[in-house]
>>> print(open('target-v4.cif').read())   # mmCIF, C-alpha atoms
data_entry
#
loop_
_atom_site.label_atom_id
_atom_site.label_comp_id
_atom_site.auth_asym_id
_atom_site.auth_seq_id
_atom_site.Cartn_x
_atom_site.Cartn_y
_atom_site.Cartn_z
CA MET A 618 123.93 114.55 83.56
CA ALA A 619 120.35 115.35 82.80
CA ASN A 620 117.44 113.48 84.29
CA CYS A 621 116.97 110.09 82.67
CA GLU A 622 113.24 110.71 82.36
CA ASP A 623 114.00 113.70 80.15
CA ARG A 624 115.90 111.45 77.78
CA ASN A 625 113.04 109.15 76.87
CA SER A 626 112.54 111.15 73.71
CA THR A 627 115.75 109.49 72.48
CA SER A 628 113.71 106.37 71.80
CA ARG A 629 113.60 107.78 68.28
CA HIS A 630 117.38 107.39 68.09
CA PRO A 631 118.15 105.91 64.65
CA ALA A 632 119.61 102.81 66.28
CA ALA A 633 116.89 102.49 68.88
CA GLY A 634 114.26 100.82 66.76
CA GLY A 635 111.50 102.72 65.02
CA THR A 636 111.70 103.18 61.26
CA ARG A 637 115.22 101.82 60.86
CA ASP A 638 114.57 98.36 62.27
CA VAL A 639 111.75 97.67 59.79
CA PRO A 640 113.95 97.31 56.66
CA MET A 641 116.62 95.50 58.72
CA TRP A 642 114.06 93.00 59.96
CA ARG A 643 112.66 92.53 56.47
CA ALA A 644 116.18 91.95 55.21
CA PHE A 645 116.70 89.26 57.84
CA VAL A 646 113.42 87.52 56.98
CA SER A 647 114.32 87.64 53.29
CA ARG A 648 117.82 86.28 53.91
CA PHE A 649 116.76 83.57 56.40
CA PRO A 650 113.10 82.75 55.78
CA THR A 651 113.06 79.40 57.60
CA GLU A 652 114.52 77.72 60.67
CA ALA A 653 116.56 75.45 58.38
CA ASP A 654 118.17 78.51 56.77
CA CYS A 655 119.17 79.79 60.22
CA VAL A 656 120.67 76.44 61.22
CA GLU A 657 122.64 76.30 57.98
CA GLU A 658 124.09 79.76 58.64
CA LEU A 659 125.18 78.84 62.18
CA LEU A 660 126.80 75.63 61.01
CA ARG A 661 128.44 77.28 58.01
CA ILE A 662 130.23 79.80 60.22
CA SER A 663 131.04 77.09 62.78
CA ALA A 664 132.69 75.03 60.04
CA GLU A 665 134.71 78.03 58.86
CA GLU A 666 135.87 78.57 62.45
CA GLY A 667 136.97 74.93 62.63
CA GLN A 668 134.36 73.95 65.21
CA LEU A 669 132.57 71.13 63.34
CA ARG A 670 134.49 67.94 64.02
CA CYS A 671 133.60 64.48 65.25
CA ARG A 672 133.92 64.36 69.02
CA ALA A 673 135.21 60.80 68.89
CA CYS A 674 137.87 60.86 66.14
CA GLY A 675 138.24 64.54 65.21
CA ASN A 676 137.25 63.97 61.60
CA ASP A 677 135.64 66.97 59.89
CA GLU A 678 133.88 64.87 57.25
CA LEU A 679 130.33 64.80 58.59
CA LYS A 680 127.11 63.89 56.80
CA ARG A 681 123.74 65.37 57.68
CA SER A 682 120.47 66.53 56.15
CA ARG A 683 119.90 70.23 55.45
CA GLY A 684 118.73 72.11 58.53
CA CYS A 685 119.59 69.19 60.81
CA ARG A 686 121.93 69.68 63.76
CA VAL A 687 122.81 65.98 64.04
CA ALA A 688 125.54 64.62 61.75
CA ARG A 689 127.18 61.23 61.25
CA CYS A 690 130.96 60.98 61.05
CA ASP A 691 132.29 59.41 57.84
CA GLY A 692 135.26 58.02 59.74
CA CYS A 693 133.90 56.31 62.84
CA GLY A 694 130.18 56.41 62.11
CA ARG A 695 129.37 58.19 65.37
CA GLU A 696 126.46 60.64 65.51
CA ASN A 697 127.34 64.16 66.68
CA TRP A 698 125.02 66.88 67.95
CA LEU A 699 126.77 69.79 66.27
CA THR A 700 125.77 72.58 68.67
CA ALA A 701 126.51 70.56 71.84
CA GLY A 702 129.19 72.18 73.99
CA SER A 703 129.16 75.34 71.87
CA PHE A 704 127.77 78.81 72.50
CA PHE A 705 124.48 77.46 71.13
CA HIS A 706 124.43 74.49 73.49
CA ARG A 707 120.86 73.23 74.05
CA ILE A 708 119.12 76.01 72.13
CA ARG A 709 115.66 74.98 70.96
CA ARG A 710 115.52 77.15 67.86
CA ALA A 711 118.31 78.86 65.94
CA ARG A 712 116.13 81.60 64.44
CA PRO A 713 115.78 83.87 67.53
CA TRP A 714 119.52 83.69 68.19
CA LEU A 715 120.49 84.49 64.63
CA ALA A 716 117.92 87.30 64.53
CA ALA A 717 119.36 88.92 67.66
CA ILE A 718 122.88 88.66 66.26
CA TRP A 719 121.75 90.07 62.91
CA LEU A 720 120.14 93.11 64.55
CA ILE A 721 123.19 93.85 66.70
CA GLU A 722 125.54 93.48 63.73
CA HIS A 723 123.41 95.97 61.81
CA GLY A 724 123.28 98.49 64.65
CA VAL A 725 119.58 98.04 65.42
CA ALA A 726 119.05 98.30 69.18
CA ILE A 727 115.87 96.70 70.38
CA SER A 728 114.65 95.95 73.90
CA SER A 729 113.84 92.42 75.03
CA SER A 730 110.16 93.35 75.36
CA ARG A 731 110.00 94.28 71.67
CA PHE A 732 112.17 91.36 70.58
CA HIS A 733 110.04 88.69 72.22
CA LYS A 734 106.96 90.00 70.39
CA LEU A 735 108.81 90.23 67.11
CA LEU A 736 110.02 86.61 67.30
CA ASP A 737 107.00 85.26 69.15
CA ILE A 738 109.11 83.83 71.98
CA ALA A 739 108.88 84.10 75.76
CA TYR A 740 110.12 87.35 77.29
CA SER A 741 112.48 85.36 79.53
CA SER A 742 113.97 83.74 76.42
CA ALA A 743 114.57 87.15 74.86
CA LEU A 744 116.32 88.34 78.03
CA HIS A 745 118.47 85.20 78.07
CA ILE A 746 119.49 85.61 74.43
CA PHE A 747 120.58 89.24 74.76
CA LYS A 748 122.31 88.68 78.10
CA LYS A 749 124.37 85.84 76.68
CA LEU A 750 125.28 87.84 73.57
CA THR A 751 126.32 90.86 75.62
CA MET A 752 128.60 88.58 77.65
CA VAL A 753 130.35 87.75 74.37
CA LEU A 754 130.74 91.44 73.62
CA ASP A 755 132.01 92.03 77.14
CA SER A 756 134.64 89.30 76.80
CA GLU A 757 135.88 90.91 73.58
CA MET A 758 136.27 94.31 75.27
CA GLN A 759 138.44 93.03 78.11
CA GLY A 760 141.89 94.62 78.01
CA ASP A 761 140.89 97.20 75.40
CA GLY A 762 138.33 99.42 77.14
CA LEU A 763 138.72 102.41 79.41
CA SER A 764 137.91 102.00 83.10
CA LEU A 765 135.30 104.22 84.77
CA ARG A 766 133.54 104.32 88.11
CA THR A 767 130.04 102.88 87.99
CA SER A 768 128.73 105.97 89.80
CA VAL A 769 129.19 107.89 86.53
CA PHE A 770 126.15 106.03 85.19
CA ALA A 771 124.03 106.19 88.35
CA VAL A 772 121.31 108.18 86.57
CA LEU A 773 120.43 104.97 84.69
CA PHE A 774 119.73 102.89 87.78
CA GLY A 775 115.99 102.41 88.14
CA LYS A 776 115.36 98.65 88.08
CA ARG A 777 115.66 96.32 91.03
CA SER A 778 117.77 93.15 91.03
CA ARG A 779 118.88 90.55 93.52
CA GLU A 780 121.60 92.95 94.60
CA THR A 781 119.13 95.69 95.58
CA PRO A 782 118.88 96.08 99.38
CA ALA A 783 115.56 94.97 100.86
CA ARG A 784 112.92 97.71 100.63
CA GLY A 785 115.57 99.98 99.14
CA HIS A 786 115.73 101.98 95.93
CA PRO A 787 117.83 100.49 93.07
CA ILE A 788 120.29 103.39 93.38
CA LEU A 789 121.41 101.94 96.71
CA GLU A 790 123.11 99.09 94.86
CA GLU A 791 125.81 101.56 93.87
CA ASN A 792 126.56 102.47 97.46
CA PHE A 793 126.59 98.87 98.65
CA ALA A 794 128.98 98.05 95.83
CA GLU A 795 131.38 100.79 96.92
CA GLN A 796 131.42 99.71 100.55
CA ASP A 797 130.34 96.53 102.26
CA ASN A 798 128.20 98.31 104.83
CA VAL A 799 126.75 101.78 104.33
CA PRO A 800 125.72 102.26 107.99
CA GLU A 801 129.29 101.48 109.12
CA ARG A 802 130.65 104.11 106.73
CA LEU A 803 128.12 106.55 108.10
CA GLU A 804 129.48 105.94 111.59
CA THR A 805 132.95 106.99 110.44
CA GLU A 806 131.88 109.93 108.28
CA VAL A 807 129.07 111.37 110.38
CA ALA A 808 129.92 112.45 113.90
CA HIS A 809 126.30 112.16 115.04
CA ALA A 810 125.10 109.25 112.93
CA ASP A 811 122.76 108.10 115.66
CA GLU A 812 120.88 111.39 115.29
CA LEU A 813 120.09 110.87 111.62
CA SER A 814 116.73 109.52 110.58
CA ASP A 815 116.32 106.52 108.30
CA GLN A 816 115.31 108.84 105.44
CA GLU A 817 118.42 110.98 105.94
CA ARG A 818 120.58 107.86 105.79
CA ILE A 819 118.93 106.83 102.52
CA VAL A 820 119.50 110.28 101.01
CA PHE A 821 123.13 110.27 102.17
CA ALA A 822 123.61 106.81 100.63
CA ALA A 823 122.28 108.13 97.29
CA LEU A 824 124.91 110.89 97.20
CA ALA A 825 128.46 110.45 95.94
CA ASP A 826 131.81 112.21 95.71
CA GLU A 827 130.64 113.81 92.46
CA PRO A 828 127.81 116.38 92.27
CA VAL A 829 124.28 114.99 92.21
CA TYR A 830 121.46 117.38 91.33
CA PHE A 831 118.26 117.68 93.31
CA ASP A 832 116.10 116.66 90.34
CA ASP A 833 118.16 113.49 89.90
CA LEU A 834 117.79 112.63 93.59
CA PHE A 835 114.06 113.26 93.41
CA THR A 836 113.79 110.91 90.42
CA ARG A 837 115.84 108.14 92.01
CA LEU A 838 114.26 108.18 95.45
CA THR A 839 110.62 107.84 96.43
CA LEU A 840 110.62 110.75 98.90
CA PRO A 841 108.35 113.76 98.32
CA ALA A 842 110.22 116.88 97.25
CA GLY A 843 109.61 118.61 100.58
CA GLU A 844 110.94 115.69 102.63
CA LEU A 845 113.95 115.32 100.33
CA SER A 846 114.79 118.99 100.70
CA ALA A 847 114.47 118.73 104.49
CA CYS A 848 116.78 115.70 104.58
CA LEU A 849 119.41 117.48 102.51
CA THR A 850 119.23 120.49 104.80
CA MET A 851 119.75 118.30 107.88
CA LEU A 852 122.73 116.59 106.22
CA GLU A 853 124.21 120.01 105.46
CA LEU A 854 123.81 120.99 109.10
CA ALA A 855 125.44 117.72 110.15
CA GLY A 856 128.46 118.74 108.09
CA VAL A 857 128.52 115.72 105.78
CA VAL A 858 126.97 117.22 102.64
CA ASP A 859 127.78 120.37 100.69
CA ARG A 860 125.35 122.22 98.49
CA LEU A 861 126.82 123.53 95.23
CA ALA A 862 125.65 126.04 92.67
CA GLY A 863 122.76 124.87 90.55
CA ASP A 864 121.10 122.95 93.39
CA ALA A 865 123.65 120.15 93.31
CA TYR A 866 124.79 118.18 96.37
CA VAL A 867 127.97 116.28 97.11
CA ARG A 868 129.40 114.36 100.02
CA ARG A 869 131.93 116.36 102.00
CA ARG A 870 135.26 114.64 102.24
CA ALA A 871 136.54 114.22 105.75
CA GLY A 872 138.70 117.11 106.91
CA SER A 873 138.21 119.29 103.84
CA LYS A 874 135.79 121.79 102.38
CA THR A 875 134.28 121.23 98.97
CA ASP A 876 136.04 123.05 96.17
CA VAL A 877 133.10 124.05 94.00
CA ARG A 878 135.20 124.94 90.97
CA GLN A 879 137.16 121.71 91.18
CA ARG A 880 133.98 119.63 91.27
CA LEU A 881 132.02 121.43 88.58
CA ALA A 882 134.78 122.37 86.12
CA PRO A 883 136.35 119.02 85.09
CA ALA A 884 135.67 118.15 81.46
CA THR A 885 136.78 114.55 81.84
CA VAL A 886 136.01 111.57 84.04
CA ASP A 887 139.09 109.76 85.42
CA GLY A 888 141.14 111.90 83.02
CA ASP A 889 140.36 109.68 80.04
CA ILE A 890 136.91 110.33 78.65
CA GLU A 891 134.85 113.48 78.22
CA THR A 892 131.61 113.70 80.14
CA THR A 893 129.80 114.63 76.93
CA ARG A 894 130.71 111.20 75.57
CA ILE A 895 129.44 109.59 78.75
CA ASP A 896 126.21 111.46 78.07
CA ARG A 897 125.98 109.87 74.64
CA MET A 898 126.11 106.41 76.19
CA VAL A 899 123.47 107.40 78.75
CA ASP A 900 121.28 108.92 76.03
CA PHE A 901 121.50 105.74 73.99
CA LEU A 902 120.77 103.36 76.86
CA CYS A 903 117.91 105.51 78.15
CA GLY A 904 116.43 105.76 74.70
CA VAL A 905 116.42 101.99 74.18
CA PHE A 906 116.06 100.52 77.67
CA HIS A 907 114.88 103.52 79.75
CA ARG A 908 116.04 102.27 83.17
CA ILE A 909 118.42 99.43 84.04
CA SER A 910 119.78 97.75 87.15
CA ARG A 911 123.30 98.43 88.34
CA ARG A 912 123.94 94.69 88.43
CA TYR A 913 124.04 94.45 84.62
CA LEU A 914 125.49 97.88 83.81
CA GLN A 915 128.66 96.42 82.27
CA LEU A 916 126.63 94.22 79.93
CA TYR A 917 124.55 97.20 78.78
CA LEU A 918 127.73 99.17 78.07
CA SER A 919 129.06 96.22 76.09
CA ALA A 920 125.79 96.15 74.17
CA TYR A 921 126.26 99.85 73.38
CA TRP A 922 129.62 98.96 71.84
CA GLY A 923 128.05 96.24 69.73
CA TYR A 924 125.26 98.50 68.49
CA THR A 925 127.45 101.49 67.64
CA ASP A 926 130.88 100.26 66.50
CA ARG A 927 130.14 99.13 62.95
CA SER A 928 133.81 98.75 61.98
CA ARG A 929 134.39 96.21 64.76
CA TRP A 930 130.98 94.50 64.74
CA SER A 931 130.25 94.20 61.06
CA ARG A 932 128.46 91.35 59.30
CA GLU A 933 129.19 87.93 60.89
CA ALA A 934 131.63 89.41 63.45
CA LEU A 935 129.45 88.78 66.50
CA LEU A 936 128.41 85.33 65.31
CA ARG A 937 132.04 84.33 64.82
CA ALA A 938 132.99 85.75 68.23
CA ALA A 939 130.19 83.77 69.91
CA ILE A 940 131.36 80.56 68.23
CA ARG A 941 134.95 81.19 69.36
CA VAL A 942 133.87 81.93 72.95
CA GLY A 943 132.11 78.59 73.17
CA GLN A 944 129.74 77.45 75.88
CA ILE A 945 128.90 80.00 78.59
CA ASN A 946 128.12 78.45 81.94
CA ILE A 947 124.57 79.15 83.10
CA ARG A 948 125.86 79.54 86.64
CA ALA A 949 128.19 82.33 85.51
CA MET A 950 125.25 84.10 83.88
CA ARG A 951 123.11 83.89 86.99
CA SER A 952 125.86 85.10 89.31
CA TYR A 953 126.99 87.99 87.12
CA VAL A 954 127.38 91.31 88.94
CA THR A 955 128.98 94.47 87.53
CA PRO A 956 132.23 95.26 89.40
CA ARG A 957 132.99 98.62 91.00
CA PHE A 958 134.67 99.85 87.81
CA VAL A 959 133.26 99.30 84.32
CA ARG A 960 134.91 99.28 80.92
CA VAL A 961 133.73 101.42 78.05
CA PRO A 962 134.91 101.01 74.43
CA ALA A 963 138.16 102.88 73.98
CA LYS A 964 137.65 103.52 70.27
CA LEU A 965 134.27 105.19 70.72
CA ALA A 966 135.56 107.09 73.73
CA ALA A 967 138.48 108.56 71.80
#
>>> encode(input="target-v4.cif", output="structure tokens")
Amino acid sequence: MANCEDRNSTSRHPAAGGTRDVPMWRAFVSRFPTEADCVEELLRISAEEGQLRCRACGNDELKRSRGCRVARCDGCGRENWLTAGSFFHRIRRARPWLAAIWLIEHGVAISSSRFHKLLDIAYSSALHIFKKLTMVLDSEMQGDGLSLRTSVFAVLFGKRSRETPARGHPILEENFAEQDNVPERLETEVAHADELSDQERIVFAALADEPVYFDDLFTRLTLPAGELSACLTMLELAGVVDRLAGDAYVRRRAGSKTDVRQRLAPATVDGDIETTRIDRMVDFLCGVFHRISRRYLQLYLSAYWGYTDRSRWSREALLRAAIRVGQINIRAMRSYVTPRFVRVPAKLAA
């Protein structure tokens, strides 16, 4: 795959903001001009999904004022907070949530940094909204998507997270996800591991069983080009790295020589999805978000599905899915980490 930095021009992607999001945003403002209008929309769909009932007696005859989230049951007279225990549990305002859902359902991809300015909310709130919505998308993809190694998307990794090793580059998250201890794997794969420098270990950790080009390594790591080249040469001499045509490098599998044609010729990844279609996902995510952390890769891929599959995520589809999913535990959100294999939408991959 090409260098992620070279893909920033894709920020003009028709679904990546720019001219397209202006009419979509105006349409949202026209359709839901006030907070009360947004509340009414959330509660209307909740009622259609059978979610608005008295918590005490189960009666669905509830009385409330327009735009109010508190209703009184006609049967037992108990007051009910209508969004309590739902996907929208404890939200302060409905408008930012409905706006985010509206944009996704209309295929308008927008970063959290742009969204928080557009809605005049805190940046952390914008991140929280989109993360929670992408978890809904992710739950809907389970069982239907194709499975791929996370290393396929390594070119995207450029943001640190809690999973990033101390003083390490974000790309190292991928290697620590694949094995519990990179140095221990080095001991088994490198006959003279004690002779390698710390920089050589970092470069080796950034390589994979698939070809990685020098320019990609230079972008991911903070080493000067000369030092990077020297490290790769030393790893070649140590017999743990092979250099391929086109200035690409790959880890040498124990006991075997690298088959250049076998590594460069495949048109598919895991036999299921063409690499050109992987490139489309990378292009899209780079164009909208530029760099991401490996920790949330699966959520970004789920977001890609929501932004691009208009037949599945048409008007009201995401809102209804969120209401059906119900409350998402904040602890689950904070502990989320992308597994070793990610799912991509099968329909878009076909």
>>> atom_distance(input="target-v4.cif", atom1="atom CA of Ser919 of chain A", atom2="atom CA of Thr751 of chain A")
6.0 Å
>>> residues_around(input="target-v4.cif", residues="segment 667-674 of chain A", least_positions_apart="3", cutoff="8 Å", atoms="only C-alpha atoms", output="MDAnalysis selection string")
chainID A and resid 660 663:664 677:679 690 692:693 695 697 699 940
>>> resolve_selection(input="target-v4.cif", expression="the PyMOL selection byres ((chain A and resi 926) around 12)", output="ChimeraX atom specification")
/A:632,721-725,754,758,919-925,927-932,934-935,961-966
>>> write_last_selection(input="target-v4.cif", atoms="C-alpha atoms", output="compact mmCIF listing (two decimals), in the coordinates of the input")
# COMPACT_ATOMS: atom_id res chain seq x y z
CA ALA A 632 119.61 102.81 66.28
CA ILE A 721 123.19 93.85 66.70
CA GLU A 722 125.54 93.48 63.73
CA HIS A 723 123.41 95.97 61.81
CA GLY A 724 123.28 98.49 64.65
CA VAL A 725 119.58 98.04 65.42
CA LEU A 754 130.74 91.44 73.62
CA MET A 758 136.27 94.31 75.27
CA SER A 919 129.06 96.22 76.09
CA ALA A 920 125.79 96.15 74.17
CA TYR A 921 126.26 99.85 73.38
CA TRP A 922 129.62 98.96 71.84
CA GLY A 923 128.05 96.24 69.73
CA TYR A 924 125.26 98.50 68.49
CA THR A 925 127.45 101.49 67.64
CA ARG A 927 130.14 99.13 62.95
CA SER A 928 133.81 98.75 61.98
CA ARG A 929 134.39 96.21 64.76
CA TRP A 930 130.98 94.50 64.74
CA SER A 931 130.25 94.20 61.06
CA ARG A 932 128.46 91.35 59.30
CA ALA A 934 131.63 89.41 63.45
CA LEU A 935 129.45 88.78 66.50
CA VAL A 961 133.73 101.42 78.05
CA PRO A 962 134.91 101.01 74.43
CA ALA A 963 138.16 102.88 73.98
CA LYS A 964 137.65 103.52 70.27
CA LEU A 965 134.27 105.19 70.72
CA ALA A 966 135.56 107.09 73.73
>>> residues_around(input="target-v4.cif", residues="segment 814-819 of chain A", least_positions_apart="5", cutoff="9 Å", atoms="all atoms listed in the file", output="list of chain:residue names")
A:Gly785, A:His786, A:Leu789, A:Val799, A:Pro800, A:Leu803, A:Leu824, A:Leu838, A:Leu840, A:Glu844, A:Leu845, A:Ala847, A:Cys848, A:Leu849, A:Met851, A:Leu852
>>> axis_aligned_box(input="target-v4.cif", around="segment 685-695 of chain A", padding_each_side="8 Å", output="lines of an AutoDock Vina configuration file")
center_x = 127.4
center_y = 63.0
center_z = 61.6
size_x = 31.7
size_y = 29.4
size_z = 23.5
>>> build_atoms(input="target-v4.cif", residues="segment 746-778 of chain A", atoms="N, CA and C atoms", output="mmCIF file, in the coordinates of the input")
data_model
loop_
_atom_site.group_PDB
_atom_site.id
_atom_site.type_symbol
_atom_site.label_atom_id
_atom_site.label_comp_id
_atom_site.auth_asym_id
_atom_site.auth_seq_id
_atom_site.Cartn_x
_atom_site.Cartn_y
_atom_site.Cartn_z
ATOM 1 N N ILE A 746 118.734 85.482 75.678
ATOM 2 C CA ILE A 746 119.490 85.610 74.430
ATOM 3 C C ILE A 746 120.377 86.851 74.454
ATOM 4 N N PHE A 747 119.805 87.999 74.787
ATOM 5 C CA PHE A 747 120.580 89.240 74.760
ATOM 6 C C PHE A 747 121.626 89.273 75.865
ATOM 7 N N LYS A 748 121.315 88.708 77.027
ATOM 8 C CA LYS A 748 122.310 88.680 78.100
ATOM 9 C C LYS A 748 123.517 87.853 77.692
ATOM 10 N N LYS A 749 123.268 86.718 77.087
ATOM 11 C CA LYS A 749 124.370 85.840 76.680
ATOM 12 C C LYS A 749 125.206 86.478 75.577
ATOM 13 N N LEU A 750 124.550 87.170 74.649
ATOM 14 C CA LEU A 750 125.280 87.840 73.570
ATOM 15 C C LEU A 750 126.108 89.016 74.095
ATOM 16 N N THR A 751 125.557 89.748 75.058
ATOM 17 C CA THR A 751 126.320 90.860 75.620
ATOM 18 C C THR A 751 127.515 90.369 76.425
ATOM 19 N N MET A 752 127.438 89.155 76.962
ATOM 20 C CA MET A 752 128.600 88.580 77.650
ATOM 21 C C MET A 752 129.720 88.270 76.656
ATOM 22 N N VAL A 753 129.343 87.931 75.427
ATOM 23 C CA VAL A 753 130.350 87.750 74.370
ATOM 24 C C VAL A 753 131.005 89.082 74.054
ATOM 25 N N LEU A 754 130.195 90.109 73.883
ATOM 26 C CA LEU A 754 130.740 91.440 73.620
ATOM 27 C C LEU A 754 131.651 91.889 74.740
ATOM 28 N N ASP A 755 131.227 91.631 75.976
ATOM 29 C CA ASP A 755 132.010 92.030 77.140
ATOM 30 C C ASP A 755 133.362 91.319 77.151
ATOM 31 N N SER A 756 133.377 90.044 76.817
ATOM 32 C CA SER A 756 134.640 89.300 76.800
ATOM 33 C C SER A 756 135.594 89.840 75.741
ATOM 34 N N GLU A 757 135.044 90.364 74.649
ATOM 35 C CA GLU A 757 135.880 90.910 73.580
ATOM 36 C C GLU A 757 136.461 92.275 73.948
ATOM 37 N N MET A 758 135.796 92.981 74.876
ATOM 38 C CA MET A 758 136.270 94.310 75.270
ATOM 39 C C MET A 758 137.363 94.251 76.319
ATOM 40 N N GLN A 759 137.492 93.140 77.017
ATOM 41 C CA GLN A 759 138.440 93.030 78.110
ATOM 42 C C GLN A 759 139.854 93.322 77.630
ATOM 43 N N GLY A 760 140.528 94.229 78.355
ATOM 44 C CA GLY A 760 141.890 94.620 78.010
ATOM 45 C C GLY A 760 141.974 95.771 77.048
ATOM 46 N N ASP A 761 140.860 96.122 76.387
ATOM 47 C CA ASP A 761 140.890 97.200 75.400
ATOM 48 C C ASP A 761 140.113 98.447 75.829
ATOM 49 N N GLY A 762 139.184 98.301 76.771
ATOM 50 C CA GLY A 762 138.330 99.420 77.140
ATOM 51 C C GLY A 762 138.955 100.319 78.189
ATOM 52 N N LEU A 763 138.337 101.483 78.359
ATOM 53 C CA LEU A 763 138.720 102.410 79.410
ATOM 54 C C LEU A 763 137.938 102.082 80.670
ATOM 55 N N SER A 764 138.542 102.334 81.830
ATOM 56 C CA SER A 764 137.910 102.000 83.100
ATOM 57 C C SER A 764 137.283 103.243 83.724
ATOM 58 N N LEU A 765 136.029 103.124 84.147
ATOM 59 C CA LEU A 765 135.300 104.220 84.770
ATOM 60 C C LEU A 765 134.571 103.733 86.007
ATOM 61 N N ARG A 766 134.337 104.644 86.934
ATOM 62 C CA ARG A 766 133.540 104.320 88.110
ATOM 63 C C ARG A 766 132.090 104.100 87.691
ATOM 64 N N THR A 767 131.435 103.149 88.318
ATOM 65 C CA THR A 767 130.040 102.880 87.990
ATOM 66 C C THR A 767 129.136 104.044 88.385
ATOM 67 N N SER A 768 129.554 104.848 89.349
ATOM 68 C CA SER A 768 128.730 105.970 89.800
ATOM 69 C C SER A 768 128.495 106.989 88.687
ATOM 70 N N VAL A 769 129.359 106.984 87.664
ATOM 71 C CA VAL A 769 129.190 107.890 86.530
ATOM 72 C C VAL A 769 127.859 107.643 85.829
ATOM 73 N N PHE A 770 127.376 106.410 85.887
ATOM 74 C CA PHE A 770 126.150 106.030 85.190
ATOM 75 C C PHE A 770 124.967 105.854 86.133
ATOM 76 N N ALA A 771 125.067 106.412 87.332
ATOM 77 C CA ALA A 771 124.030 106.190 88.350
ATOM 78 C C ALA A 771 122.654 106.678 87.908
ATOM 79 N N VAL A 772 122.603 107.657 87.020
ATOM 80 C CA VAL A 772 121.310 108.180 86.570
ATOM 81 C C VAL A 772 120.481 107.101 85.864
ATOM 82 N N LEU A 773 121.137 106.046 85.394
ATOM 83 C CA LEU A 773 120.430 104.970 84.690
ATOM 84 C C LEU A 773 119.747 103.983 85.629
ATOM 85 N N PHE A 774 120.162 103.958 86.889
ATOM 86 C CA PHE A 774 119.730 102.890 87.780
ATOM 87 C C PHE A 774 118.293 103.113 88.248
ATOM 88 N N GLY A 775 117.389 102.269 87.750
ATOM 89 C CA GLY A 775 115.990 102.410 88.140
ATOM 90 C C GLY A 775 115.259 101.084 88.221
ATOM 91 N N LYS A 776 115.975 99.978 87.993
ATOM 92 C CA LYS A 776 115.360 98.650 88.080
ATOM 93 C C LYS A 776 116.011 97.855 89.214
ATOM 94 N N ARG A 777 115.174 97.127 89.931
ATOM 95 C CA ARG A 777 115.660 96.320 91.030
ATOM 96 C C ARG A 777 116.301 95.024 90.508
ATOM 97 N N SER A 778 117.181 94.456 91.310
ATOM 98 C CA SER A 778 117.770 93.150 91.030
ATOM 99 C C SER A 778 117.995 92.439 92.353
#
